[in-house]
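A.B. asks: The following file, target08.csv, comprises CSV, C-alpha atoms:
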```
chain,number,residue,atom,x,y,z
A,1,ASN,CA,14.9,-9.9,3.5
A,2,VAL,CA,18.3,-11.3,4.6
A,3,PHE,CA,18.8,-8.4,7.0
A,4,MET,CA,15.6,-9.2,8.9
A,5,ARG,CA,16.7,-12.8,9.3
A,6,GLU,CA,20.2,-11.7,10.5
A,7,ASN,CA,18.5,-9.4,13.1
A,8,GLY,CA,16.0,-12.1,14.3
A,9,ILE,CA,12.9,-10.5,12.8
A,10,ASP,CA,10.3,-13.1,11.7
A,11,ASP,CA,8.6,-12.3,8.4
A,12,ALA,CA,6.9,-15.1,6.6
A,13,PRO,CA,6.0,-14.6,2.9
A,14,GLU,CA,2.3,-14.9,3.9
A,15,ASN,CA,2.6,-11.8,6.1
A,16,ALA,CA,4.2,-9.8,3.3
A,17,LEU,CA,1.4,-10.9,0.9
A,18,THR,CA,-1.2,-10.0,3.5
A,19,TYR,CA,0.3,-6.5,3.8
A,20,LEU,CA,0.5,-6.1,0.0
A,21,ASP,CA,-3.1,-7.1,-0.5
A,22,ALA,CA,-4.2,-4.5,2.1
A,23,VAL,CA,-2.4,-1.6,0.5
A,24,VAL,CA,-2.3,-2.5,-3.2
A,25,ALA,CA,-5.6,-3.2,-5.0
A,26,ASP,CA,-5.9,-5.8,-7.8
A,27,ALA,CA,-6.1,-3.3,-10.7
A,28,GLY,CA,-4.9,-5.6,-13.5
A,29,PRO,CA,-1.8,-7.6,-14.5
A,30,CYS,CA,0.7,-5.2,-12.9
A,31,THR,CA,-0.9,-5.8,-9.4
A,32,SER,CA,-2.2,-9.3,-9.9
A,33,PRO,CA,-1.8,-11.9,-7.1
A,34,ALA,CA,0.8,-13.7,-9.3
A,35,ARG,CA,2.8,-10.4,-9.6
A,36,LYS,CA,2.7,-9.8,-5.9
A,37,ARG,CA,3.8,-13.4,-5.1
A,38,ALA,CA,6.7,-13.0,-7.6
A,39,PHE,CA,7.7,-9.7,-5.8
A,40,VAL,CA,7.7,-11.3,-2.4
A,41,LYS,CA,9.6,-14.4,-3.6
A,42,HIS,CA,12.3,-12.7,-5.7
A,43,GLY,CA,12.7,-9.4,-3.9
A,44,PRO,CA,14.9,-10.9,-1.2
A,45,GLU,CA,16.8,-12.8,-3.8
A,46,MET,CA,17.6,-9.5,-5.6
A,47,VAL,CA,18.8,-8.0,-2.3
A,48,GLU,CA,21.3,-10.9,-1.7
A,49,PHE,CA,22.3,-10.9,-5.4
A,50,LEU,CA,23.3,-7.2,-5.3
A,51,ARG,CA,25.0,-7.6,-2.0
A,52,GLY,CA,27.1,-10.4,-3.5
A,53,LEU,CA,28.2,-8.0,-6.2
A,54,GLY,CA,29.4,-5.4,-3.7
A,55,PHE,CA,26.3,-3.3,-3.2
A,56,GLU,CA,26.2,-1.9,0.4
A,57,TRP,CA,22.7,-1.7,1.9
A,58,SER,CA,21.6,0.6,4.7
A,59,TYR,CA,19.2,-1.2,7.1
A,60,SER,CA,17.2,-0.3,10.2
A,61,ALA,CA,15.3,-2.9,12.1
A,62,ALA,CA,13.0,-0.1,13.5
A,63,PHE,CA,12.1,1.4,10.1
A,64,PRO,CA,8.3,0.9,9.7
A,65,ASP,CA,6.2,0.0,6.8
A,66,TYR,CA,4.5,3.0,5.2
A,67,TYR,CA,1.1,1.9,6.5
A,68,PRO,CA,1.8,0.6,10.0
A,69,ASP,CA,-1.9,0.1,10.8
A,70,ARG,CA,-2.6,-2.5,8.0
A,71,PRO,CA,-2.6,-6.2,8.5
A,72,GLY,CA,0.7,-8.1,7.9
A,73,VAL,CA,2.8,-5.1,8.9
A,74,ARG,CA,6.4,-5.7,10.0
A,75,PRO,CA,9.3,-3.3,10.9
A,76,GLY,CA,12.6,-3.7,9.1
A,77,ARG,CA,11.4,-4.4,5.5
A,78,GLY,CA,12.6,-1.1,4.1
A,79,LEU,CA,16.1,-1.0,2.7
A,80,GLY,CA,18.3,1.8,1.3
A,81,ALA,CA,21.7,2.3,-0.2
A,82,ARG,CA,24.5,3.1,2.2
A,83,VAL,CA,26.0,6.6,1.9
A,84,MET,CA,29.0,6.6,-0.5
A,85,ASP,CA,31.7,8.9,-1.6
A,86,GLY,CA,30.8,10.3,-5.1
A,87,LYS,CA,34.5,10.6,-5.9
A,88,THR,CA,34.7,6.8,-6.4
A,89,LEU,CA,32.6,7.3,-9.5
A,90,GLY,CA,35.3,9.3,-11.2
A,91,PRO,CA,34.1,11.2,-14.3
A,92,TRP,CA,30.7,9.5,-14.0
A,93,LEU,CA,29.9,11.6,-10.9
A,94,LYS,CA,28.9,14.6,-13.0
A,95,THR,CA,26.2,12.5,-14.8
A,96,LEU,CA,24.2,12.1,-11.6
A,97,ARG,CA,21.2,14.4,-11.1
A,98,ARG,CA,21.7,16.7,-8.1
A,99,SER,CA,19.3,16.3,-5.3
A,100,LEU,CA,16.6,19.0,-5.3
A,101,ASN,CA,15.4,18.3,-1.7
A,102,PHE,CA,18.5,17.9,0.5
A,103,PRO,CA,22.0,19.3,0.5
A,104,PRO,CA,25.0,16.9,0.2
A,105,LEU,CA,24.8,15.4,3.7
A,106,VAL,CA,25.7,12.1,5.2
A,107,PHE,CA,22.5,10.5,6.3
A,108,ASN,CA,20.3,7.5,5.7
A,109,SER,CA,16.6,6.9,5.2
A,110,ARG,CA,15.7,6.5,8.9
A,111,GLU,CA,17.2,9.9,9.6
A,112,VAL,CA,15.1,11.8,7.1
A,113,PHE,CA,12.6,12.6,9.8
A,114,ALA,CA,15.3,14.5,11.8
A,115,LEU,CA,16.1,16.6,8.7
A,116,ILE,CA,12.4,17.4,8.0
A,117,SER,CA,11.4,18.2,11.7
A,118,PRO,CA,14.6,18.8,13.6
A,119,MET,CA,12.9,20.8,16.4
A,120,ARG,CA,10.1,18.3,17.0
A,121,THR,CA,12.0,16.2,19.5
A,122,ALA,CA,15.3,16.4,21.3
A,123,LYS,CA,16.4,13.2,19.6
A,124,ASN,CA,15.7,14.7,16.2
A,125,PHE,CA,17.8,17.8,17.0
A,126,LEU,CA,20.7,15.7,18.3
A,127,THR,CA,20.5,13.5,15.2
A,128,LEU,CA,20.6,16.7,13.0
A,129,LEU,CA,23.7,17.9,14.8
A,130,ARG,CA,25.4,14.5,14.3
A,131,ILE,CA,24.6,14.6,10.6
A,132,LEU,CA,26.0,18.1,10.2
A,133,ALA,CA,29.2,17.1,12.1
A,134,VAL,CA,29.8,13.9,10.1
A,135,SER,CA,29.0,15.8,6.9
A,136,ALA,CA,31.5,18.5,7.8
A,137,GLY,CA,34.1,15.8,8.3
A,138,TRP,CA,33.5,14.4,4.9
A,139,GLN,CA,33.8,17.8,3.3
A,140,LEU,CA,37.1,18.6,5.1
A,141,ARG,CA,38.5,15.3,3.8
A,142,GLY,CA,37.4,16.2,0.2
A,143,ARG,CA,34.8,13.5,0.0
A,144,LYS,CA,31.5,14.1,-1.8
A,145,PRO,CA,28.6,12.3,0.1
A,146,LEU,CA,25.8,10.7,-2.0
A,147,SER,CA,22.8,9.7,0.0
A,148,MET,CA,19.3,8.2,-0.6
A,149,GLY,CA,18.5,7.9,-4.3
A,150,GLN,CA,21.9,9.3,-5.3
A,151,ALA,CA,23.6,6.5,-3.4
A,152,LEU,CA,21.3,3.9,-4.9
A,153,VAL,CA,22.1,5.0,-8.5
A,154,GLY,CA,25.8,5.6,-7.6
A,155,ARG,CA,26.3,2.1,-6.2
A,156,LEU,CA,24.5,0.5,-9.2
A,157,LEU,CA,26.6,2.5,-11.5
A,158,LEU,CA,29.8,1.3,-9.8
A,159,ILE,CA,28.7,-2.3,-10.3
A,160,ALA,CA,27.8,-1.7,-13.9
A,161,ARG,CA,31.1,-0.2,-14.6
A,162,SER,CA,33.0,-3.0,-12.9
A,163,PHE,CA,31.4,-5.4,-15.5
A,164,ASN,CA,32.1,-2.9,-18.4
A,165,VAL,CA,28.4,-2.5,-19.1
A,166,PRO,CA,28.1,0.1,-21.9
A,167,LEU,CA,25.9,3.1,-20.7
A,168,LEU,CA,24.1,5.4,-23.1
A,169,LEU,CA,22.9,8.6,-21.5
A,170,ASP,CA,20.5,11.1,-23.1
A,171,THR,CA,19.1,8.2,-25.2
A,172,ALA,CA,15.4,7.7,-25.8
A,173,LEU,CA,13.7,4.3,-26.5
A,174,VAL,CA,11.7,4.8,-29.7
A,175,ASP,CA,10.3,1.3,-30.3
A,176,LEU,CA,10.7,-2.4,-29.5
A,177,GLU,CA,10.7,-4.9,-32.4
A,178,ARG,CA,9.1,-8.4,-32.1
A,179,GLU,CA,10.1,-11.5,-33.9
A,180,ASP,CA,8.6,-15.0,-33.4
A,181,GLY,CA,6.7,-13.7,-30.3
A,182,ARG,CA,9.8,-12.2,-28.5
A,183,ILE,CA,11.5,-8.8,-28.4
A,184,CYS,CA,14.4,-9.0,-30.9
A,185,ALA,CA,15.6,-5.4,-31.2
A,186,ALA,CA,15.2,-1.9,-29.9
A,187,GLN,CA,15.2,1.4,-31.7
A,188,LEU,CA,17.1,4.1,-29.8
A,189,SER,CA,17.3,7.9,-30.5
A,190,ARG,CA,20.3,10.0,-29.5
A,191,ASN,CA,21.2,13.5,-30.7
A,192,GLY,CA,18.7,13.3,-33.6
A,193,THR,CA,20.0,9.9,-34.8
A,194,THR,CA,18.1,6.6,-34.6
A,195,ARG,CA,20.0,3.3,-34.2
A,196,ARG,CA,18.8,-0.3,-34.1
A,197,VAL,CA,20.2,-2.5,-31.3
A,198,ARG,CA,19.9,-6.3,-31.6
A,199,ILE,CA,18.6,-8.0,-28.4
A,200,ASP,CA,19.8,-11.5,-27.8
A,201,ARG,CA,18.5,-12.1,-24.2
A,202,ALA,CA,16.0,-9.8,-22.6
A,203,VAL,CA,14.7,-6.3,-22.0
A,204,LEU,CA,14.2,-4.7,-18.6
A,205,LEU,CA,11.9,-1.7,-18.7
A,206,ALA,CA,12.4,0.6,-15.8
A,207,ALA,CA,10.5,3.7,-16.7
A,208,GLY,CA,9.8,5.2,-13.3
A,209,GLY,CA,6.4,6.7,-12.4
A,210,PHE,CA,4.5,9.8,-13.3
A,211,ALA,CA,4.8,12.0,-10.2
A,212,HIS,CA,5.3,15.2,-12.3
A,213,ASN,CA,2.4,14.4,-14.7
A,214,ASP,CA,-0.5,16.5,-13.3
A,215,SER,CA,-3.2,14.9,-15.4
A,216,TYR,CA,-2.2,11.4,-14.5
A,217,ARG,CA,-1.9,12.3,-10.8
A,218,ARG,CA,-5.4,13.8,-10.7
A,219,GLN,CA,-6.8,10.8,-12.6
A,220,HIS,CA,-5.3,8.1,-10.4
A,221,GLN,CA,-4.7,9.9,-7.1
A,222,PRO,CA,-6.4,12.7,-5.1
A,223,VAL,CA,-3.5,15.2,-5.6
A,224,GLY,CA,-1.7,17.0,-8.4
A,225,ALA,CA,1.9,17.1,-9.6
A,226,ASP,CA,2.8,19.8,-7.1
A,227,TYR,CA,2.8,17.1,-4.3
A,228,THR,CA,6.1,15.2,-5.0
A,229,ALA,CA,9.8,15.2,-4.2
A,230,THR,CA,10.9,13.2,-7.3
A,231,ALA,CA,13.1,14.3,-10.2
A,232,PRO,CA,11.5,16.6,-12.8
A,233,GLY,CA,11.7,13.9,-15.5
A,234,ASP,CA,9.3,11.6,-13.7
A,235,THR,CA,6.4,12.2,-16.0
A,236,GLY,CA,5.4,8.7,-17.1
```
Do you think you could lay out the structure here as structure tokens?

C.D. replies:
Amino acid sequence: NVFMRENGIDDAPENALTYLDAVVADAGPCTSPARKRAFVKHGPEMVEFLRGLGFEWSYSAAFPDYYPDRPGVRPGRGLGARVMDGKTLGPWLKTLRRSLNFPPLVFNSREVFALISPMRTAKNFLTLLRILAVSAGWQLRGRKPLSMGQALVGRLLLIARSFNVPLLLDTALVDLEREDGRICAAQLSRNGTTRRVRIDRAVLLAAGGFAHNDSYRRQHQPVGADYTATAPGDTG
């Protein structure tokens, strides 16, 4: 990604593909070699595209890949959203799901380890103290810190609102209609009423995972739904 280049970290696409092949099996179209190549090629473009729209990223050159013992590994690939003040969202702030795992603190992804195990090392403990001090400062100034996933959603929401993108909450996708080999319309359900929306360009399906679906977890992974930190609605 662009932040790796700016910090002098070399990461050729071949290295990223080697790492993906080592940790993601070829289980069908969703994990095909072509899909992996598209991810490696267009992922960095997405990062720069969002930065150009005002999205502020949080980057750490030392943040490791999840499987540091696999071939093709490089530090610095992971990115997160920079902590933001929820008050900038105005009335949309109340639509964000509250974090079930962390209190409203000012921290980034590389500091999560200090929150989870503050007494493991002196560095972790000092990091925790700094997080608490900075967070207290935010609270005294009347700011509402959004971190991690909340910051990601909040910053994307700010961009969407800046372009006057209509947002429909509590709305379910019922069906997609096809016409001449392409998606032409979507049927949406809200408050017991179904409406049809014409689609002129494209549909992006971002349905999340199935971390809270116990049967799916046991079918595809060696654990149940009790082993997760995701939102309760992540059922697939």

A.B. asks: What's the separation between CA of His212 in chain A and CA of His42 in chain A, in Å to one decimal place?

C.D. replies: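 Between CA of His212 in chain A and CA of His42 in chain A the gap works out to 29.5 Å.
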
A.B. asks: For Arg155 in chain A, which of A:Cys30, A:Leu168, A:Val106, A:Leu96 is the closest residue, counting only C-alpha atoms?

C.D. replies: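 Between A:Cys30, A:Leu168, A:Val106, A:Leu96, the residue approaching Arg155 in chain A most closely is A:Leu96.
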
A.B. asks: Taking only C-alpha atoms into account, name the residue in A:Met119, A:Leu105, A:Val174, A:Ala16 that is nearest to Pro75 in chain A.

C.D. replies: A:Ala16

A.B. asks: In terms of the shortest atom-to-atom distance over only C-alpha atoms, which of A:Asn191, A:Asn15, A:Asn1, A:Gln150 is closest to Arg97 in chain A?

C.D. replies: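 Counting only C-alpha atoms, the residue closest to Arg97 in chain A is A:Gln150.
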
A.B. asks: With only C-alpha atoms as the basis for distance, which of A:Val83, A:Thr18, A:Ser147, A:Ala12 is at the shortest distance from Pro71 in chain A?

C.D. replies: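 Ranked by minimum distance to Pro71 in chain A, first place goes to A:Thr18.
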
A.B. asks: Got a minute to add all heavy atoms to range 135-146 of chain A and dump it as a PDB file, in the frame of the given file?

C.D. replies:
```pdb
ATOM      1  N   SER A 135      28.955  15.206   8.210  1.00  0.00           N
ATOM      2  CA  SER A 135      29.000  15.800   6.900  1.00  0.00           C
ATOM      3  C   SER A 135      30.166  16.743   6.721  1.00  0.00           C
ATOM      4  O   SER A 135      30.864  16.774   5.695  1.00  0.00           O
ATOM      5  CB  SER A 135      27.694  16.427   6.489  1.00  0.00           C
ATOM      6  OG  SER A 135      26.622  15.502   6.547  1.00  0.00           O
ATOM      7  N   ALA A 136      30.373  17.561   7.765  1.00  0.00           N
ATOM      8  CA  ALA A 136      31.500  18.500   7.800  1.00  0.00           C
ATOM      9  C   ALA A 136      32.819  17.762   7.682  1.00  0.00           C
ATOM     10  O   ALA A 136      33.752  18.186   6.979  1.00  0.00           O
ATOM     11  CB  ALA A 136      31.442  19.403   8.988  1.00  0.00           C
ATOM     12  N   GLY A 137      32.917  16.635   8.393  1.00  0.00           N
ATOM     13  CA  GLY A 137      34.100  15.800   8.300  1.00  0.00           C
ATOM     14  C   GLY A 137      34.391  15.295   6.942  1.00  0.00           C
ATOM     15  O   GLY A 137      35.535  15.276   6.476  1.00  0.00           O
ATOM     16  N   TRP A 138      33.347  14.851   6.273  1.00  0.00           N
ATOM     17  CA  TRP A 138      33.500  14.400   4.900  1.00  0.00           C
ATOM     18  C   TRP A 138      34.006  15.492   3.992  1.00  0.00           C
ATOM     19  O   TRP A 138      34.897  15.295   3.163  1.00  0.00           O
ATOM     20  CB  TRP A 138      32.151  13.856   4.369  1.00  0.00           C
ATOM     21  CG  TRP A 138      31.857  12.432   4.729  1.00  0.00           C
ATOM     22  CD1 TRP A 138      31.921  11.868   5.966  1.00  0.00           C
ATOM     23  CD2 TRP A 138      31.443  11.395   3.838  1.00  0.00           C
ATOM     24  NE1 TRP A 138      31.549  10.542   5.916  1.00  0.00           N
ATOM     25  CE2 TRP A 138      31.259  10.227   4.614  1.00  0.00           C
ATOM     26  CE3 TRP A 138      31.192  11.336   2.472  1.00  0.00           C
ATOM     27  CZ2 TRP A 138      30.848   9.032   4.062  1.00  0.00           C
ATOM     28  CZ3 TRP A 138      30.778  10.145   1.905  1.00  0.00           C
ATOM     29  CH2 TRP A 138      30.616   8.995   2.695  1.00  0.00           C
ATOM     30  N   GLN A 139      33.409  16.691   4.145  1.00  0.00           N
ATOM     31  CA  GLN A 139      33.800  17.800   3.300  1.00  0.00           C
ATOM     32  C   GLN A 139      35.254  18.199   3.538  1.00  0.00           C
ATOM     33  O   GLN A 139      36.000  18.498   2.589  1.00  0.00           O
ATOM     34  CB  GLN A 139      32.885  19.015   3.579  1.00  0.00           C
ATOM     35  CG  GLN A 139      31.414  18.794   3.230  1.00  0.00           C
ATOM     36  CD  GLN A 139      31.158  18.761   1.735  1.00  0.00           C
ATOM     37  OE1 GLN A 139      32.027  19.073   0.945  1.00  0.00           O
ATOM     38  NE2 GLN A 139      29.945  18.394   1.345  1.00  0.00           N
ATOM     39  N   LEU A 140      35.693  18.199   4.792  1.00  0.00           N
ATOM     40  CA  LEU A 140      37.100  18.600   5.100  1.00  0.00           C
ATOM     41  C   LEU A 140      38.061  17.563   4.509  1.00  0.00           C
ATOM     42  O   LEU A 140      39.195  17.936   4.175  1.00  0.00           O
ATOM     43  CB  LEU A 140      37.259  18.642   6.623  1.00  0.00           C
ATOM     44  CG  LEU A 140      36.579  19.820   7.326  1.00  0.00           C
ATOM     45  CD1 LEU A 140      36.710  19.689   8.840  1.00  0.00           C
ATOM     46  CD2 LEU A 140      37.171  21.142   6.845  1.00  0.00           C
ATOM     47  N   ARG A 141      37.651  16.318   4.361  1.00  0.00           N
ATOM     48  CA  ARG A 141      38.500  15.300   3.800  1.00  0.00           C
ATOM     49  C   ARG A 141      38.386  15.222   2.260  1.00  0.00           C
ATOM     50  O   ARG A 141      38.986  14.348   1.618  1.00  0.00           O
ATOM     51  CB  ARG A 141      38.220  13.928   4.397  1.00  0.00           C
ATOM     52  CG  ARG A 141      38.619  13.818   5.857  1.00  0.00           C
ATOM     53  CD  ARG A 141      38.599  12.382   6.336  1.00  0.00           C
ATOM     54  NE  ARG A 141      37.254  11.810   6.315  1.00  0.00           N
ATOM     55  CZ  ARG A 141      36.396  11.885   7.328  1.00  0.00           C
ATOM     56  NH1 ARG A 141      36.754  12.523   8.449  1.00  0.00           N
ATOM     57  NH2 ARG A 141      35.207  11.334   7.252  1.00  0.00           N
ATOM     58  N   GLY A 142      37.584  16.141   1.691  1.00  0.00           N
ATOM     59  CA  GLY A 142      37.400  16.200   0.200  1.00  0.00           C
ATOM     60  C   GLY A 142      36.524  15.128  -0.326  1.00  0.00           C
ATOM     61  O   GLY A 142      36.562  14.855  -1.536  1.00  0.00           O
ATOM     62  N   ARG A 143      35.692  14.542   0.506  1.00  0.00           N
ATOM     63  CA  ARG A 143      34.800  13.500   0.000  1.00  0.00           C
ATOM     64  C   ARG A 143      33.427  14.147  -0.348  1.00  0.00           C
ATOM     65  O   ARG A 143      33.032  15.172   0.203  1.00  0.00           O
ATOM     66  CB  ARG A 143      34.558  12.448   1.122  1.00  0.00           C
ATOM     67  CG  ARG A 143      35.857  11.836   1.612  1.00  0.00           C
ATOM     68  CD  ARG A 143      35.637  10.920   2.794  1.00  0.00           C
ATOM     69  NE  ARG A 143      34.976   9.686   2.414  1.00  0.00           N
ATOM     70  CZ  ARG A 143      34.573   8.759   3.288  1.00  0.00           C
ATOM     71  NH1 ARG A 143      34.772   8.952   4.592  1.00  0.00           N
ATOM     72  NH2 ARG A 143      33.986   7.662   2.887  1.00  0.00           N
ATOM     73  N   LYS A 144      32.734  13.540  -1.297  1.00  0.00           N
ATOM     74  CA  LYS A 144      31.500  14.100  -1.800  1.00  0.00           C
ATOM     75  C   LYS A 144      30.356  13.043  -1.427  1.00  0.00           C
ATOM     76  O   LYS A 144      30.215  12.019  -2.102  1.00  0.00           O
ATOM     77  CB  LYS A 144      31.495  14.289  -3.293  1.00  0.00           C
ATOM     78  CG  LYS A 144      32.470  15.381  -3.699  1.00  0.00           C
ATOM     79  CD  LYS A 144      32.386  15.667  -5.169  1.00  0.00           C
ATOM     80  CE  LYS A 144      33.334  16.799  -5.554  1.00  0.00           C
ATOM     81  NZ  LYS A 144      32.947  18.074  -4.899  1.00  0.00           N
ATOM     82  N   PRO A 145      29.585  13.303  -0.371  1.00  0.00           N
ATOM     83  CA  PRO A 145      28.600  12.300   0.100  1.00  0.00           C
ATOM     84  C   PRO A 145      27.400  12.206  -0.888  1.00  0.00           C
ATOM     85  O   PRO A 145      26.841  13.214  -1.341  1.00  0.00           O
ATOM     86  CB  PRO A 145      28.128  12.889   1.425  1.00  0.00           C
ATOM     87  CG  PRO A 145      28.405  14.351   1.347  1.00  0.00           C
ATOM     88  CD  PRO A 145      29.624  14.495   0.500  1.00  0.00           C
ATOM     89  N   LEU A 146      27.050  10.976  -1.190  1.00  0.00           N
ATOM     90  CA  LEU A 146      25.800  10.700  -2.000  1.00  0.00           C
ATOM     91  C   LEU A 146      24.936   9.858  -1.042  1.00  0.00           C
ATOM     92  O   LEU A 146      25.344   8.828  -0.509  1.00  0.00           O
ATOM     93  CB  LEU A 146      26.178   9.863  -3.215  1.00  0.00           C
ATOM     94  CG  LEU A 146      27.116  10.512  -4.230  1.00  0.00           C
ATOM     95  CD1 LEU A 146      27.332   9.581  -5.412  1.00  0.00           C
ATOM     96  CD2 LEU A 146      26.581  11.856  -4.694  1.00  0.00           C
TER      97      LEU A 146
END
```
